[in-house]
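*Asks:* Below is model_25.txt; it holds compact mmCIF, C-alpha atoms.
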# COMPACT_ATOMS: atom_id res chain seq x y z
CA MET Z 1 -16.26 2.36 14.28
CA GLU Z 2 -13.83 4.46 12.29
CA ASN Z 3 -10.96 2.78 10.45
CA PRO Z 4 -8.22 2.97 13.13
CA TYR Z 5 -5.57 3.40 10.44
CA PHE Z 6 -7.30 6.53 9.15
CA ARG Z 7 -7.45 7.80 12.74
CA LEU Z 8 -3.77 7.00 13.25
CA HIS Z 9 -2.98 8.90 10.08
CA ARG Z 10 -4.61 12.02 11.50
CA GLU Z 11 -2.55 11.61 14.67
CA PHE Z 12 0.62 11.58 12.58
CA ARG Z 13 -0.53 14.67 10.74
CA ALA Z 14 -1.47 16.51 13.95
CA ALA Z 15 2.00 15.73 15.34
CA GLY Z 16 3.59 17.46 12.35
CA ALA Z 17 4.51 14.43 10.24
CA ASP Z 18 4.24 14.64 6.46
CA VAL Z 19 3.01 11.16 5.55
CA LEU Z 20 0.96 9.54 2.80
CA LEU Z 21 -1.23 6.53 3.42
CA SER Z 22 -0.39 3.92 0.84
CA SER Z 23 -0.86 0.32 -0.31
CA GLY Z 24 -3.85 -1.62 1.09
CA GLN Z 25 -5.42 1.17 3.16
CA ALA Z 26 -5.14 3.55 0.19
CA CYS Z 27 -7.00 0.93 -1.87
CA VAL Z 28 -9.66 0.85 0.85
CA ALA Z 29 -9.96 4.66 0.72
CA PHE Z 30 -10.34 4.51 -3.07
CA GLY Z 31 -13.07 1.86 -2.71
CA ILE Z 32 -11.07 -0.85 -4.45
CA ALA Z 33 -10.02 -3.12 -1.57
CA ALA Z 34 -12.59 -4.47 0.88
CA PHE Z 35 -10.07 -4.82 3.68
CA SER Z 36 -6.44 -4.64 4.66
CA LYS Z 37 -5.01 -5.79 7.95
CA ASP Z 38 -2.15 -3.32 8.27
CA GLY Z 39 -1.21 0.26 7.49
CA ASP Z 40 1.57 1.40 5.16
CA TRP Z 41 2.80 4.95 5.02
CA ILE Z 42 5.26 6.81 2.84
CA VAL Z 43 7.08 9.35 4.97
CA ARG Z 44 9.05 12.46 4.13
CA GLU Z 45 12.73 11.68 4.38
CA ASN Z 46 13.44 14.12 7.18
CA ARG Z 47 14.01 13.99 10.93
CA ARG Z 48 10.97 16.09 11.77
CA THR Z 49 8.57 13.59 10.22
CA CYS Z 50 10.38 10.55 11.63
CA SER Z 51 10.39 12.06 15.14
CA ALA Z 52 6.72 13.01 14.94
CA VAL Z 53 5.73 9.49 13.85
CA LEU Z 54 7.83 7.95 16.62
CA ASP Z 55 6.23 10.25 19.20
CA VAL Z 56 2.74 9.20 18.13
CA LEU Z 57 3.63 5.49 18.10
CA SER Z 58 5.32 5.89 21.47
CA LYS Z 59 2.05 7.14 22.96
CA HIS Z 60 0.47 3.88 21.76
CA ASP Z 61 3.23 1.82 23.44
CA ALA Z 62 4.29 0.48 20.06
CA THR Z 63 7.14 -1.96 19.58
CA TYR Z 64 9.57 -2.21 16.68
CA ARG Z 65 9.12 -5.23 14.39
CA LEU Z 66 11.91 -6.43 12.10
CA GLY Z 67 13.15 -3.49 10.05
CA VAL Z 68 15.52 -0.56 10.25
CA PRO Z 69 15.17 2.41 12.62
CA LEU Z 70 12.71 5.06 11.51
CA HIS Z 71 15.40 7.54 10.55
CA PRO Z 72 16.23 9.27 7.25
CA ASP Z 73 19.72 7.72 7.15
CA TRP Z 74 18.17 4.26 6.90
CA LEU Z 75 15.02 5.06 4.96
CA LYS Z 76 17.00 6.71 2.18
CA ARG Z 77 18.52 3.30 1.42
CA GLY Z 78 15.11 2.07 0.36
CA LEU Z 79 14.66 0.15 3.62
CA THR Z 80 11.55 0.03 5.78
CA SER Z 81 10.54 0.41 9.43
CA HIS Z 82 7.84 -1.69 11.05
CA PHE Z 83 5.88 -1.35 14.29
CA GLU Z 84 2.99 -2.93 16.11
CA PHE Z 85 0.78 -2.11 19.03
CA GLU Z 86 -2.56 -3.07 20.47
CA THR Z 87 -5.41 -0.62 20.87
CA PRO Z 88 -7.35 -0.46 24.16
CA ASP Z 89 -10.18 -2.38 22.46
CA GLY Z 90 -7.88 -5.21 21.45
CA LEU Z 91 -7.06 -4.43 17.80
CA ARG Z 92 -3.57 -5.44 16.74
CA MET Z 93 -2.23 -2.54 14.69
CA ARG Z 94 0.69 -2.94 12.35
CA ALA Z 95 2.24 0.20 10.92
CA ASP Z 96 4.93 0.11 8.22
CA PHE Z 97 6.95 3.03 6.85
CA CYS Z 98 9.20 3.77 3.90
CA SER Z 99 10.34 6.89 2.10
CA ARG Z 100 11.27 5.33 -1.24
CA PRO Z 101 8.58 2.84 -2.20
CA PRO Z 102 9.72 0.15 -4.63
CA ARG Z 103 8.97 0.70 -8.32
CA VAL Z 104 8.14 4.39 -7.87
CA ALA Z 105 10.99 6.01 -9.78
CA ASP Z 106 10.21 9.69 -9.31
CA ILE Z 107 9.73 10.36 -5.59
CA ALA Z 108 9.48 14.15 -6.02
CA GLN Z 109 6.69 13.72 -8.54
CA MET Z 110 4.91 11.28 -6.21
CA TRP Z 111 4.85 13.92 -3.46
CA LYS Z 112 3.69 16.55 -5.93
CA ARG Z 113 0.79 14.34 -6.98
CA ALA Z 114 -0.21 13.36 -3.43
CA LEU Z 115 -3.93 13.52 -2.77
CA ARG Z 116 -4.61 15.64 0.29
CA THR Z 117 -8.06 16.10 1.82
CA ASN Z 118 -9.38 17.18 5.22
CA GLU Z 119 -9.57 13.53 6.26
CA ILE Z 120 -6.55 11.87 4.70
CA ASP Z 121 -3.36 12.18 2.65
CA LEU Z 122 -2.99 9.48 0.01
CA VAL Z 123 -0.44 8.36 -2.51
CA ASP Z 124 -1.59 9.12 -6.07
CA VAL Z 125 -3.36 6.49 -8.14
CA GLU Z 126 -0.51 5.84 -10.59
CA SER Z 127 2.14 5.46 -7.88
CA LEU Z 128 -0.25 3.14 -6.06
CA MET Z 129 -0.56 0.99 -9.19
CA ARG Z 130 3.24 0.82 -9.46
CA LEU Z 131 3.87 -0.08 -5.85
CA LYS Z 132 1.11 -2.72 -5.90
CA GLN Z 133 2.99 -4.68 -8.57
CA THR Z 134 4.31 -6.96 -5.87
CA ARG Z 135 5.14 -10.65 -5.62
CA ARG Z 136 1.51 -11.35 -4.63
CA MET Z 137 -0.80 -12.38 -7.44
CA ARG Z 138 -3.85 -10.85 -5.79
CA ASP Z 139 -2.34 -7.35 -5.99
CA TYR Z 140 -2.66 -7.40 -9.78
CA ALA Z 141 -6.45 -7.43 -9.42
CA MET Z 142 -6.07 -4.15 -7.49
CA VAL Z 143 -3.86 -2.73 -10.24
CA GLY Z 144 -6.37 -3.71 -12.93
CA ALA Z 145 -9.30 -2.38 -10.92
CA LEU Z 146 -7.60 0.97 -10.35
CA ALA Z 147 -6.82 1.20 -14.07
CA GLU Z 148 -10.40 0.42 -14.99
CA MET Z 149 -11.97 2.80 -12.47
CA ALA Z 150 -9.52 5.56 -13.36
CA GLY Z 151 -10.39 5.05 -17.03
CA ARG Z 152 -14.07 5.49 -16.33
CA GLU Z 153 -13.46 8.79 -14.57
CA GLY Z 154 -11.22 10.63 -16.99
CA PRO Z 155 -9.06 10.62 -20.11
CA SER Z 156 -6.61 8.13 -18.68
CA ALA Z 157 -5.54 6.29 -21.82
CA GLU Z 158 -2.00 5.82 -20.50
CA LEU Z 159 -3.16 4.31 -17.21
CA ALA Z 160 -5.55 1.96 -18.98
CA LEU Z 161 -3.07 0.82 -21.63
CA ASN Z 162 -0.20 0.36 -19.20
CA TYR Z 163 -1.99 -1.17 -16.24
CA LEU Z 164 -5.15 -3.06 -17.27
CA GLN Z 165 -4.67 -6.74 -16.49
CA ASP Z 166 -7.22 -8.52 -18.68
CA TYR Z 167 -7.74 -9.04 -22.41
CA GLU Z 168 -11.25 -7.61 -22.84
CA ARG Z 169 -10.62 -4.25 -21.24
CA LEU Z 170 -7.14 -3.85 -22.69
CA ALA Z 171 -8.46 -4.58 -26.19
CA ALA Z 172 -11.28 -2.06 -25.68
CA ALA Z 173 -8.76 0.55 -24.48
CA ALA Z 174 -6.56 -0.04 -27.55
CA ARG Z 175 -9.61 0.46 -29.79
CA LYS Z 176 -10.70 3.57 -27.88
CA TRP Z 177 -7.28 5.27 -27.89
CA PRO Z 178 -5.47 4.02 -31.04
CA ASP Z 179 -3.07 6.96 -31.18
CA VAL Z 180 -1.87 6.50 -27.60
CA ALA Z 181 -1.76 2.72 -28.09
CA ALA Z 182 0.51 3.22 -31.11
CA GLY Z 183 3.11 4.82 -28.83
CA CYS Z 184 2.72 2.27 -26.02
CA LYS Z 185 5.69 -0.04 -25.42
CA ARG Z 186 3.74 -2.69 -23.51
CA LYS Z 187 4.02 -6.00 -25.35
CA ALA Z 188 0.34 -6.93 -24.93
CA VAL Z 189 -0.72 -3.63 -26.49
CA ARG Z 190 1.68 -4.03 -29.39
CA LEU Z 191 0.28 -7.51 -30.02
CA LEU Z 192 -3.25 -6.12 -30.00
CA LEU Z 193 -2.30 -3.50 -32.58
CA ALA Z 194 -0.69 -6.23 -34.69
CA ARG Z 195 -4.02 -8.15 -34.49
CA ALA Z 196 -2.33 -11.09 -32.81
CA PRO Z 197 -4.59 -13.97 -31.70
CA ARG Z 198 -6.15 -13.60 -28.26
CA PRO Z 199 -4.02 -16.35 -26.63
CA GLU Z 200 -0.85 -14.44 -27.51
CA VAL Z 201 -2.13 -11.27 -25.86
CA VAL Z 202 -3.33 -13.18 -22.80
CA SER Z 203 0.06 -14.90 -22.58
CA ALA Z 204 1.85 -11.57 -22.80
CA ILE Z 205 -0.19 -10.19 -19.89
CA ALA Z 206 0.44 -13.33 -17.82
CA ILE Z 207 4.17 -13.35 -18.59
CA GLU Z 208 4.40 -9.66 -17.72
CA GLN Z 209 2.72 -10.32 -14.35
CA ASP Z 210 5.01 -13.25 -13.69
CA GLU Z 211 8.12 -11.21 -14.52
CA LYS Z 212 7.05 -8.53 -12.05
CA ILE Z 213 6.27 -11.16 -9.42
CA GLN Z 214 9.68 -12.76 -9.92
CA ARG Z 215 11.43 -9.38 -9.83
CA ASP Z 216 9.78 -8.45 -6.53
CA HIS Z 217 10.43 -11.89 -5.12
CA ALA Z 218 14.13 -11.60 -6.04
CA ARG Z 219 14.31 -8.13 -4.47
CA ILE Z 220 12.90 -9.40 -1.19
CA LYS Z 221 15.03 -12.56 -1.24
CA THR Z 222 18.19 -10.52 -1.78
CA MET Z 223 17.26 -8.27 1.11
CA ALA Z 224 16.46 -11.22 3.39
CA THR Z 225 19.76 -12.91 2.57
CA ARG Z 226 21.78 -9.75 3.04
CA PHE Z 227 20.10 -8.93 6.34
CA ALA Z 228 19.89 -12.47 7.77
CA PRO Z 229 22.49 -11.78 10.50
CA TYR Z 230 20.67 -8.54 11.36
CA ALA Z 231 17.36 -10.40 11.58
CA ARG Z 232 18.85 -12.89 14.04
CA GLU Z 233 20.21 -10.07 16.20
CA PHE Z 234 16.95 -8.18 15.93
CA ALA Z 235 15.01 -11.14 17.32
CA LYS Z 236 17.16 -11.00 20.47
CA TRP Z 237 16.72 -7.23 20.86
CA ARG Z 238 12.99 -7.55 20.39
CA ALA Z 239 12.70 -10.32 22.96
CA GLY Z 240 14.55 -8.06 25.40
CA TRP Z 241 12.29 -5.09 24.68
CA ARG Z 242 9.19 -7.19 25.26
CA ARG Z 243 10.57 -8.75 28.41
CA GLU Z 244 11.63 -5.43 29.88
CA LYS Z 245 8.72 -3.44 28.43
CA THR Z 246 11.20 -1.00 26.92
CA PRO Z 247 9.56 2.26 25.80
CA LEU Z 248 9.61 2.82 22.03
CA LEU Z 249 11.90 5.84 22.11
CA ARG Z 250 14.41 3.82 24.11
CA GLN Z 251 14.03 0.93 21.63
CA HIS Z 252 14.78 3.43 18.89
CA GLU Z 253 17.95 4.66 20.61
CA GLN Z 254 19.16 1.11 21.12
CA LEU Z 255 18.33 0.15 17.55
CA MET Z 256 20.15 3.16 16.11
CA ALA Z 257 23.30 2.06 17.96
CA ALA Z 258 22.88 -1.64 17.31
CA VAL Z 259 22.25 -1.27 13.58
CA GLU Z 260 25.39 0.78 12.96
CA PRO Z 261 27.65 -2.23 12.16
CA TYR Z 262 25.20 -3.21 9.41
CA ARG Z 263 25.58 0.05 7.54
CA LYS Z 264 28.10 -1.53 5.18
CA ILE Z 265 25.68 -4.22 4.01
CA ALA Z 266 22.79 -1.82 3.43
CA PRO Z 267 22.15 -0.84 -0.19
CA MET Y 268 -0.88 12.08 -17.73
CA ASN Y 269 -0.17 15.31 -15.98
CA ASP Y 270 -0.20 15.86 -12.23
CA LEU Y 271 -3.60 17.56 -12.15
CA GLU Y 272 -5.29 14.75 -14.10
CA ILE Y 273 -3.89 12.12 -11.76
CA MET Y 274 -5.01 14.09 -8.71
CA ARG Y 275 -8.46 14.62 -10.19
CA ILE Y 276 -8.92 10.89 -10.75
CA GLY Y 277 -7.88 10.21 -7.16
CA ARG Y 278 -10.37 12.74 -5.82
CA ARG Y 279 -13.12 11.20 -7.91
CA LEU Y 280 -12.38 7.72 -6.56
CA LEU Y 281 -12.77 9.01 -3.00
CA ARG Y 282 -16.43 9.73 -3.76
CA PRO Y 283 -19.08 7.01 -4.17
CA TYR Y 284 -19.10 5.29 -7.56
CA ASP Y 285 -20.55 2.18 -9.14
CA ILE Y 286 -18.28 -0.62 -10.27
CA PRO Y 287 -19.70 -2.22 -13.42
CA VAL Y 288 -21.04 -5.72 -12.88
CA SER Y 289 -18.78 -6.85 -15.73
CA CYS Y 290 -15.61 -5.77 -13.91
CA PRO Y 291 -13.51 -8.94 -13.59
CA TYR Y 292 -11.22 -7.73 -10.84
CA LEU Y 293 -13.52 -7.12 -7.90
CA SER Y 294 -15.87 -9.04 -5.65
CA GLU Y 295 -19.30 -8.21 -4.23
CA ASP Y 296 -17.63 -6.62 -1.18
CA GLN Y 297 -15.81 -4.09 -3.33
CA HIS Y 298 -19.00 -3.28 -5.23
CA GLU Y 299 -20.56 -2.43 -1.90
CA LEU Y 300 -17.55 -0.53 -0.60
CA SER Y 301 -17.10 1.66 -3.68
CA ALA Y 302 -20.70 2.86 -3.40
CA LEU Y 303 -19.95 4.34 0.04
CA ASP Y 304 -18.50 7.76 0.78
CA PHE Y 305 -15.17 8.13 2.58
CA LYS Y 306 -16.79 7.99 6.03
CA GLY Y 307 -18.71 4.86 5.06
CA ARG Y 308 -15.57 3.17 3.74
CA SER Y 309 -13.77 4.06 6.96
CA GLU Y 310 -16.53 2.51 9.06
CA TRP Y 311 -16.60 -0.56 6.80
CA MET Y 312 -12.88 -1.13 7.39
CA GLY Y 313 -13.21 -0.45 11.12
CA GLU Y 314 -15.99 -3.01 11.40
CA TRP Y 315 -13.98 -5.56 9.46
CA LEU Y 316 -10.93 -5.11 11.71
CA ARG Y 317 -13.12 -5.45 14.80
CA LEU Y 318 -14.62 -8.66 13.42
CA ALA Y 319 -11.16 -9.96 12.53
CA ALA Y 320 -9.89 -9.24 16.04
CA ALA Y 321 -12.88 -10.98 17.64
CA HIS Y 322 -12.51 -13.93 15.29
CA GLY Y 323 -8.77 -14.13 15.97
CA ALA Y 324 -9.34 -14.06 19.71
CA ARG Y 325 -11.80 -16.96 19.45
CA ASN Y 326 -10.03 -19.10 16.89
CA GLY Y 327 -6.40 -18.11 16.80
CA LYS Y 328 -5.08 -17.10 13.42
CA GLY Y 329 -7.34 -16.59 10.48
CA LEU Y 330 -9.73 -14.00 9.24
CA PRO Y 331 -13.50 -14.10 9.08
CA ARG Y 332 -15.45 -14.15 5.84
CA ARG Y 333 -17.55 -11.08 5.63
CA ARG Y 334 -21.19 -12.01 5.15
CA ALA Y 335 -22.30 -10.84 1.73
CA ARG Y 336 -25.21 -8.46 1.80
CA SER Y 337 -27.63 -8.44 -1.06
CA ARG Y 338 -27.53 -5.44 -3.36
CA SER Y 339 -30.72 -3.55 -3.93
Here is a file; write its structure as structure tokens.
*Replies:*
Amino acid sequence: MENPYFRLHREFRAAGADVLLSSGQACVAFGIAAFSKDGDWIVRENRRTCSAVLDVLSKHDATYRLGVPLHPDWLKRGLTSHFEFETPDGLRMRADFCSRPPRVADIAQMWKRALRTNEIDLVDVESLMRLKQTRRMRDYAMVGALAEMAGREGPSAELALNYLQDYERLAAAARKWPDVAAGCKRKAVRLLLARAPRPEVVSAIAIEQDEKIQRDHARIKTMATRFAPYAREFAKWRAGWRREKTPLLRQHEQLMAAVEPYRKIAP
Amino acid sequence: MNDLEIMRIGRRLLRPYDIPVSCPYLSEDQHELSALDFKGRSEWMGEWLRLAAAHGARNGKGLPRRRARSRS
């Protein structure tokens, strides 16, 4: 059985959407993650792509989950849209969309670096490492693995030095690429070059991870607090959609109107 | 790194590769997955989702543990 998220991706593409598969399913495609229960896509911030994605999801009888409407006006604020549907064979599919993934500073460069094949369109390896620096500890294993595998396949000193997550490999990378390491601002690398004791380097890596976890946690907490009234309203709309079996495109129309008062609290 | 180097690394990771046994980040499942081509990885994920759905239907929430297969 084919990965249904890869199949869904091709449906988006065939409908004219410009989308990149990202996060967990991208890690699966790269052979790093053994599984992921949902699908995350980065979408072009334009109406054509949003409409094409909605049309595809509509054919699957999808329902909006908590999030903003899939529309450039809302995505450009760094917000996300979420959907779910069930396949005829009983798989619960969850599809999430954004146009400005957190921690990826240069969106134009991300699109330029996108990996496009006959089967799939994927976010590039470095952007994937950045967006996987989430509040979840387990994601840092993915970041480290991508850095290690990328390092084995090319001259990726910068990726290795900036993203490896363990002492042994980071120390080996600093020895292998001393010139690049000398220009690296990462504290753990600077400690290695200063021949600091191993515990200090290990601590620096752990503290760095924790800072990123805290930063992402604070980002999500701020968003949840700001949008708490919206979330309460959304729960009522969603209950109505489910009760009345409202088609997705109608849900979208209603959501676009209902979300308007919240424009002032959006970033 | 420039754009072409990043893209080249991504393309390489889409093809089968061996994860070193010493790699501290990944489990036996990932060792097996990385050795597959894109089609194989897709089928792996599809099978896992099917198992998860069947497990969820039987037991409510929760995901199954994939049975480890021995490496030859």
*Asks:* Please tabulate, as a tab-separated table, the residues of region 60-173 of chain Z that come within 8 Å of region 232-251 of chain Z, each with its closest pair of atoms and the distance in Å to one decimal, counting all atoms listed in the file and ordering rows by chain, then residue number upward.
*Replies:*
residue	atom	partner	partner_atom	distance
Z:Asp61	CA	Z:Leu248	CA	6.6
Z:Ala62	CA	Z:Leu248	CA	6.1
Z:Thr63	CA	Z:Leu248	CA	5.9
Z:Tyr64	CA	Z:Leu248	CA	7.3
Z:Arg65	CA	Z:Arg238	CA	7.5
Z:Leu66	CA	Z:Phe234	CA	6.6
*Asks:* Identify, on the basis of all atoms listed in the file, every residue whose closest approach to region 281-290 of chain Y does not exceed 8 Å; exclude the query and any residue fewer than 4 positions from it along the same chain; express the result as a list in words.
*Replies:*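 What passes the distance filter is Ala29, Phe30, Gly31, Ala145 and Met149 of chain Z; Gly277, His298, Ser301, Ala302, Leu303, Asp304 and Phe305 of chain Y.
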*Asks:* Listing only residues of chain Z within 7 Å of chain Y, what is the closest atom pair and its distance in Å (to one decimal) for each, using only C-alpha atoms, sorted by chain and residue number ascending, as a Markdown table?
*Replies:*
| residue | atom | partner | partner_atom | distance |
| --- | --- | --- | --- | --- |
| Z:Met1 | CA | Y:Gly313 | CA | 5.2 |
| Z:Glu2 | CA | Y:Glu310 | CA | 4.6 |
| Z:Asn3 | CA | Y:Gly313 | CA | 4.0 |
| Z:Pro4 | CA | Y:Gly313 | CA | 6.4 |
| Z:Val28 | CA | Y:Arg308 | CA | 7.0 |
| Z:Ala29 | CA | Y:Leu281 | CA | 6.4 |
| Z:Phe30 | CA | Y:Leu281 | CA | 5.1 |
| Z:Gly31 | CA | Y:Ser301 | CA | 4.1 |
| Z:Ile32 | CA | Y:Gln297 | CA | 5.8 |
| Z:Ala33 | CA | Y:Gln297 | CA | 6.1 |
| Z:Ala34 | CA | Y:Gln297 | CA | 5.3 |
| Z:Phe35 | CA | Y:Met312 | CA | 5.9 |
| Z:Leu91 | CA | Y:Ala320 | CA | 5.9 |
| Z:Arg113 | CA | Y:Asp270 | CA | 5.6 |
| Z:Leu115 | CA | Y:Met274 | CA | 6.1 |
| Z:Asp124 | CA | Y:Gly277 | CA | 6.5 |
| Z:Val125 | CA | Y:Gly277 | CA | 5.9 |
| Z:Ala141 | CA | Y:Tyr292 | CA | 5.0 |
| Z:Gly144 | CA | Y:Tyr292 | CA | 6.6 |
| Z:Ala145 | CA | Y:Tyr292 | CA | 5.7 |
| Z:Ala150 | CA | Y:Ile276 | CA | 6.0 |
| Z:Glu153 | CA | Y:Ile276 | CA | 6.3 |
| Z:Gly154 | CA | Y:Ile276 | CA | 6.7 |
| Z:Glu158 | CA | Y:Met268 | CA | 6.9 |
*Asks:* If you measure from CA of Pro72 (chain Z) to CA of Arg47 (chain Z), what distance in Å do you get, rounded to one decimal?
*Replies:*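 Pair CA of Pro72 (chain Z) / CA of Arg47 (chain Z) returns 6.4 Å.
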*Asks:* Between CA of Arg13 (chain Z) and CA of Val43 (chain Z), what is the distance, to one decimal in Å?
*Replies:*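 CA of Val43 (chain Z) lies at a distance of 10.9 Å from CA of Arg13 (chain Z).
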*Asks:* One decimal, in Å: what's the spacing between CA of His217 (chain Z) and CA of Arg190 (chain Z)?
*Replies:*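 Value for the CA of His217 (chain Z)-CA of Arg190 (chain Z) distance: 27.0 Å.
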*Asks:* With a distance cut-off of 8 Å and all atoms listed in the file, select the neighbouring residues of Ser81 (chain Z), excluding the residue or stretch itself and same-chain residues fewer than 5 positions from it, and output the selection as a PyMOL selection string.
*Replies:* chain Z and resi 64-70+75+96-98
*Asks:* Region 106-120 of chain Z, all listed atoms, 5 Å padding on each side: what axis-aligned box centre and edge lengths in Å to one decimal come out, as JSON?
*Replies:*
{"center_x": 0.3, "center_y": 13.4, "center_z": -1.5, "size_x": 29.8, "size_y": 17.5, "size_z": 25.6}
